[in-house]
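J.: My file is final08.cif. It has mmCIF, C-alpha atoms, pLDDT in the B column; chains and numbers go by the auth columns:
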data_work
#
loop_
_atom_site.group_PDB
_atom_site.id
_atom_site.type_symbol
_atom_site.label_atom_id
_atom_site.label_comp_id
_atom_site.label_asym_id
_atom_site.label_seq_id
_atom_site.Cartn_x
_atom_site.Cartn_y
_atom_site.Cartn_z
_atom_site.B_iso_or_equiv
_atom_site.auth_seq_id
_atom_site.auth_asym_id
ATOM 1 C CA MET A 1 69.197 66.549 116.141 78.00 1 A
ATOM 2 C CA LEU A 2 67.867 63.480 114.389 83.00 2 A
ATOM 3 C CA SER A 3 64.845 64.588 112.374 88.00 3 A
ATOM 4 C CA ARG A 4 64.000 61.552 110.248 92.00 4 A
ATOM 5 C CA VAL A 5 65.371 58.086 109.509 93.00 5 A
ATOM 6 C CA GLU A 6 64.177 55.946 106.617 96.00 6 A
ATOM 7 C CA ILE A 7 65.262 52.308 106.495 97.00 7 A
ATOM 8 C CA THR A 8 64.560 49.980 103.572 97.00 8 A
ATOM 9 C CA ASN A 9 65.370 46.257 103.243 97.00 9 A
ATOM 10 C CA PHE A 10 67.622 46.185 106.295 97.00 10 A
ATOM 11 C CA ALA A 11 67.653 42.816 108.093 94.00 11 A
ATOM 12 C CA LEU A 12 64.005 42.097 108.947 93.00 12 A
ATOM 13 C CA ILE A 13 62.858 45.653 108.180 94.00 13 A
ATOM 14 C CA GLU A 14 61.129 45.985 104.818 96.00 14 A
ATOM 15 C CA HIS A 15 60.480 49.703 105.174 97.00 15 A
ATOM 16 C CA VAL A 16 60.154 52.028 108.136 95.00 16 A
ATOM 17 C CA ILE A 17 60.286 55.762 108.741 95.00 17 A
ATOM 18 C CA LEU A 18 61.190 57.053 112.194 92.00 18 A
ATOM 19 C CA SER A 19 60.512 60.713 112.949 91.00 19 A
ATOM 20 C CA PRO A 20 61.505 61.353 116.566 86.00 20 A
ATOM 21 C CA GLY A 21 60.300 64.468 118.340 82.00 21 A
ATOM 22 C CA PRO A 22 62.583 67.231 119.592 79.00 22 A
ATOM 23 C CA GLY A 23 64.894 66.576 122.518 76.00 23 A
ATOM 24 C CA LEU A 24 66.237 63.323 123.899 70.00 24 A
ATOM 25 C CA THR A 25 65.396 60.287 121.790 74.00 25 A
ATOM 26 C CA VAL A 26 65.228 56.990 123.656 78.00 26 A
ATOM 27 C CA ILE A 27 64.511 53.708 121.920 80.00 27 A
ATOM 28 C CA SER A 28 63.037 51.188 124.311 81.00 28 A
ATOM 29 C CA GLY A 29 60.843 48.113 124.109 81.00 29 A
ATOM 30 C CA GLU A 30 60.413 44.456 124.883 86.00 30 A
ATOM 31 C CA THR A 31 63.122 41.911 124.169 84.00 31 A
ATOM 32 C CA GLY A 32 62.911 40.933 120.505 80.00 32 A
ATOM 33 C CA ALA A 33 61.090 44.121 119.457 78.00 33 A
ATOM 34 C CA GLY A 34 63.819 45.092 116.971 84.00 34 A
ATOM 35 C CA LYS A 35 65.708 47.790 118.888 85.00 35 A
ATOM 36 C CA SER A 36 69.106 46.326 117.972 88.00 36 A
ATOM 37 C CA ILE A 37 68.236 46.213 114.265 91.00 37 A
ATOM 38 C CA LEU A 38 67.216 49.865 114.366 90.00 38 A
ATOM 39 C CA ILE A 39 70.417 50.809 116.202 89.00 39 A
ATOM 40 C CA ASP A 40 72.534 48.773 113.730 92.00 40 A
ATOM 41 C CA ALA A 41 70.901 50.640 110.840 93.00 41 A
ATOM 42 C CA ILE A 42 71.506 54.051 112.391 90.00 42 A
ATOM 43 C CA GLY A 43 75.025 52.950 113.348 90.00 43 A
ATOM 44 C CA ALA A 44 75.738 52.182 109.689 92.00 44 A
ATOM 45 C CA LEU A 45 75.386 55.925 109.104 89.00 45 A
ATOM 46 C CA THR A 46 78.211 56.563 111.560 88.00 46 A
ATOM 47 C CA GLY A 47 80.552 54.281 109.647 88.00 47 A
ATOM 48 C CA GLN A 48 79.996 51.182 111.738 89.00 48 A
ATOM 49 C CA ARG A 49 80.237 47.706 110.212 87.00 49 A
ATOM 50 C CA ALA A 50 77.585 47.126 107.565 90.00 50 A
ATOM 51 C CA SER A 51 78.085 43.760 105.913 91.00 51 A
ATOM 52 C CA ARG A 52 75.950 42.233 103.208 94.00 52 A
ATOM 53 C CA GLU A 53 74.259 40.094 105.877 95.00 53 A
ATOM 54 C CA PHE A 54 72.272 43.218 106.787 95.00 54 A
ATOM 55 C CA VAL A 55 70.525 43.175 103.396 97.00 55 A
ATOM 56 C CA ARG A 56 67.027 41.728 103.732 96.00 56 A
ATOM 57 C CA THR A 57 66.717 38.261 102.199 96.00 57 A
ATOM 58 C CA GLY A 58 65.626 38.497 98.556 96.00 58 A
ATOM 59 C CA SER A 59 66.685 42.148 98.178 97.00 59 A
ATOM 60 C CA GLU A 60 69.575 43.537 96.157 97.00 60 A
ATOM 61 C CA GLN A 61 70.391 46.303 98.620 98.00 61 A
ATOM 62 C CA ALA A 62 69.543 47.879 101.942 98.00 62 A
ATOM 63 C CA LYS A 63 69.247 51.655 102.267 98.00 63 A
ATOM 64 C CA ILE A 64 69.431 53.871 105.330 97.00 64 A
ATOM 65 C CA GLU A 65 68.903 57.623 105.166 96.00 65 A
ATOM 66 C CA ALA A 66 68.791 60.155 107.971 93.00 66 A
ATOM 67 C CA ILE A 67 68.073 63.850 108.035 91.00 67 A
ATOM 68 C CA MET A 68 69.902 65.730 110.766 86.00 68 A
ATOM 69 C CA ILE A 69 69.033 69.278 111.786 82.00 69 A
ATOM 70 C CA LYS A 70 72.131 71.098 112.983 72.00 70 A
ATOM 71 C CA HIS A 71 71.987 73.378 115.989 64.00 71 A
ATOM 72 C CA GLY A 72 75.161 75.360 116.533 59.00 72 A
ATOM 73 C CA ALA A 73 78.685 74.608 115.392 53.00 73 A
ATOM 74 C CA THR A 74 79.893 71.082 114.686 50.00 74 A
ATOM 75 C CA GLY A 75 83.590 71.855 115.085 51.00 75 A
ATOM 76 C CA ASP A 76 86.070 72.055 112.204 49.00 76 A
ATOM 77 C CA GLU A 77 85.262 73.745 108.927 47.00 77 A
ATOM 78 C CA ASP A 78 84.178 71.029 106.542 56.00 78 A
ATOM 79 C CA ILE A 79 81.569 69.989 104.015 55.00 79 A
ATOM 80 C CA ILE A 80 78.686 70.426 106.486 58.00 80 A
ATOM 81 C CA SER A 81 79.724 73.729 108.071 59.00 81 A
ATOM 82 C CA ASP A 82 77.396 75.820 105.853 61.00 82 A
ATOM 83 C CA CYS A 83 74.395 73.468 106.112 66.00 83 A
ATOM 84 C CA ASP A 84 71.467 73.725 108.517 81.00 84 A
ATOM 85 C CA GLN A 85 70.301 70.280 107.497 86.00 85 A
ATOM 86 C CA VAL A 86 72.441 67.247 106.684 89.00 86 A
ATOM 87 C CA LEU A 87 71.359 64.145 104.762 92.00 87 A
ATOM 88 C CA LEU A 88 73.377 61.013 105.528 93.00 88 A
ATOM 89 C CA SER A 89 72.818 57.972 103.335 95.00 89 A
ATOM 90 C CA ARG A 90 74.270 54.507 103.049 96.00 90 A
ATOM 91 C CA ILE A 91 73.401 51.732 100.617 97.00 91 A
ATOM 92 C CA ILE A 92 74.606 48.226 101.452 97.00 92 A
ATOM 93 C CA PHE A 93 74.742 45.853 98.494 97.00 93 A
ATOM 94 C CA ALA A 94 73.817 42.163 98.754 97.00 94 A
ATOM 95 C CA GLN A 95 76.850 41.348 96.578 96.00 95 A
ATOM 96 C CA GLY A 96 79.108 43.147 99.074 94.00 96 A
ATOM 97 C CA GLY A 97 80.312 46.676 99.595 94.00 97 A
ATOM 98 C CA SER A 98 78.424 49.863 100.239 95.00 98 A
ATOM 99 C CA GLU A 99 77.927 53.389 98.953 96.00 99 A
ATOM 100 C CA CYS A 100 77.993 56.396 101.267 95.00 100 A
ATOM 101 C CA ARG A 101 76.469 59.792 100.564 94.00 101 A
ATOM 102 C CA LEU A 102 76.477 63.122 102.310 91.00 102 A
ATOM 103 C CA ASN A 103 73.893 65.632 101.097 91.00 103 A
ATOM 104 C CA GLY A 104 73.539 63.580 97.919 92.00 104 A
ATOM 105 C CA HIS A 105 77.266 63.488 97.137 93.00 105 A
ATOM 106 C CA ILE A 106 79.224 60.238 97.220 94.00 106 A
ATOM 107 C CA VAL A 107 81.818 60.265 99.998 94.00 107 A
ATOM 108 C CA LYS A 108 84.334 57.808 101.400 94.00 108 A
ATOM 109 C CA LEU A 109 83.266 55.648 104.325 93.00 109 A
ATOM 110 C CA SER A 110 85.880 57.382 106.484 91.00 110 A
ATOM 111 C CA ASP A 111 84.242 60.767 105.724 90.00 111 A
ATOM 112 C CA LEU A 112 80.785 59.423 106.586 88.00 112 A
ATOM 113 C CA LYS A 113 82.218 58.006 109.801 88.00 113 A
ATOM 114 C CA GLN A 114 83.895 61.266 110.783 87.00 114 A
ATOM 115 C CA ILE A 115 80.800 63.368 110.179 85.00 115 A
ATOM 116 C CA GLY A 116 78.270 60.766 111.320 81.00 116 A
ATOM 117 C CA GLU A 117 79.966 60.357 114.679 79.00 117 A
ATOM 118 C CA ARG A 118 79.749 64.121 115.259 80.00 118 A
ATOM 119 C CA LEU A 119 76.051 64.216 114.413 80.00 119 A
ATOM 120 C CA ILE A 120 74.770 60.931 115.893 78.00 120 A
ATOM 121 C CA SER A 121 75.628 59.618 119.334 76.00 121 A
ATOM 122 C CA ILE A 122 74.431 56.128 120.263 77.00 122 A
ATOM 123 C CA HIS A 123 74.635 55.027 123.886 73.00 123 A
ATOM 124 C CA GLY A 124 73.749 51.603 125.216 72.00 124 A
ATOM 125 C CA LEU A 125 72.759 50.316 128.613 72.00 125 A
ATOM 126 C CA TYR A 126 76.292 49.796 129.930 70.00 126 A
ATOM 127 C CA ASP A 127 78.065 52.733 128.294 72.00 127 A
ATOM 128 C CA ASN A 128 78.600 54.269 131.734 71.00 128 A
ATOM 129 C CA GLN A 129 81.253 51.568 132.220 70.00 129 A
ATOM 130 C CA ILE A 130 83.506 53.482 129.794 68.00 130 A
ATOM 131 C CA ILE A 131 84.658 55.695 132.667 69.00 131 A
ATOM 132 C CA PHE A 132 86.520 52.722 134.133 74.00 132 A
ATOM 133 C CA ARG A 133 88.706 52.230 131.030 68.00 133 A
ATOM 134 C CA GLU A 134 92.261 53.547 131.099 66.00 134 A
#
For the structure just supplied, provide its representation as structure tokens.

T.:
Amino acid sequence: MLSRVEITNFALIEHVILSPGPGLTVISGETGAGKSILIDAIGALTGQRASREFVRTGSEQAKIEAIMIKHGATGDEDIISDCDQVLLSRIIFAQGGSECRLNGHIVKLSDLKQIGERLISIHGLYDNQIIFRE
């Protein structure tokens, strides 16, 4: 379960902390309210594209951190199997490249992607159309 997300210098966001309540988390709002920026930031923690264009103008880096509270097994034995709480972090540099961390330890982007996708699930408006793909 997503417990807390802190986003700094990401696109138009200077600094924001999101602390959703327990259960289903739905992000909704008017067109232009910033939902896509928030989803892009959280998606960066699942290994999605995070180019230097995401760094807020005038900043050297953007930083996204999320605390996940685990409930039950996550599957294979791995670096998070003994943790009740997982801290995912990604820094995107204005000069290019990024740094990924899991519980404070630097990890490869592929590791962040593998673990992030198991902990965070993002669904959009038309995701139900996936059932029609072969």

J.: If the PyMOL selection byres ((chain A and resi 57) around 9) were run on this exact file, what residues would it hold? Put them as number ranges by chain.

T.: A: 9-12, 53-56, 58-60, 94

J.: Which one of A:Ala44, A:Ile115, A:Ile64, A:Ile106 sits closest to Val16 in chain A if you count all atoms listed in the file?

T.: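 For Val16 in chain A, the nearest of the candidates is A:Ile64.
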
J.: Mind giving me the straight-line distance from CA of Ile7 in chain A to CA of Phe93 in chain A in Å, one decimal?

T.: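 Going from CA of Ile7 in chain A over to CA of Phe93 in chain A, I get 14.0 Å.
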
J.: Counting all atoms listed in the file, which of A:Gln85, A:His15, A:Lys35, A:Gln61 gets nearest to Ser3 in chain A?

T.: A:Gln85

J.: Record the distance separating CA of Lys70 in chain A and CA of Ile120 in chain A, expressed in Å with one decimal.

T.: 10.9 Å

J.: Quick one: of A:Ser121, A:Thr25, A:Asn103, A:Gln129, who's nearest to Ile42 in chain A, counting only C-alpha atoms?

T.: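 Using only C-alpha atoms, the shortest distance to Ile42 in chain A belongs to A:Ser121.
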
J.: Counting all atoms listed in the file, figure out which residue out of A:Ala41, A:Met1, A:Leu119, A:Ala33 gets nearest to Gly21 in chain A.

T.: A:Met1

J.: Rank nothing, just name the residue among A:Ile122, A:Ser36, A:Val5, A:Ser89 nearest to Pro20 in chain A, using all atoms listed in the file.

T.: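 Looking only at the distances to Pro20 in chain A, the closest residue turns out to be A:Val5.
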
J.: In terms of the shortest atom-to-atom distance over all atoms listed in the file, which of A:Leu45, A:Ile27, A:Leu38, A:Ala50 is closest to Leu88 in chain A?

T.: A:Leu45

J.: On this structure, which residues satisfy the PyMOL selection byres ((chain A and resi 112) around 9), written as JSON, numbers by chain?

T.: {"A": [45, 46, 47, 88, 89, 90, 100, 101, 102, 107, 108, 109, 110, 111, 113, 114, 115, 116, 117]}

J.: Just how far from CA of His123 in chain A is CA of Ser28 in chain A, in Å to one decimal?

T.: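 Taking CA of Ser28 in chain A as the start and CA of His123 in chain A as the end point, the length is 12.2 Å.
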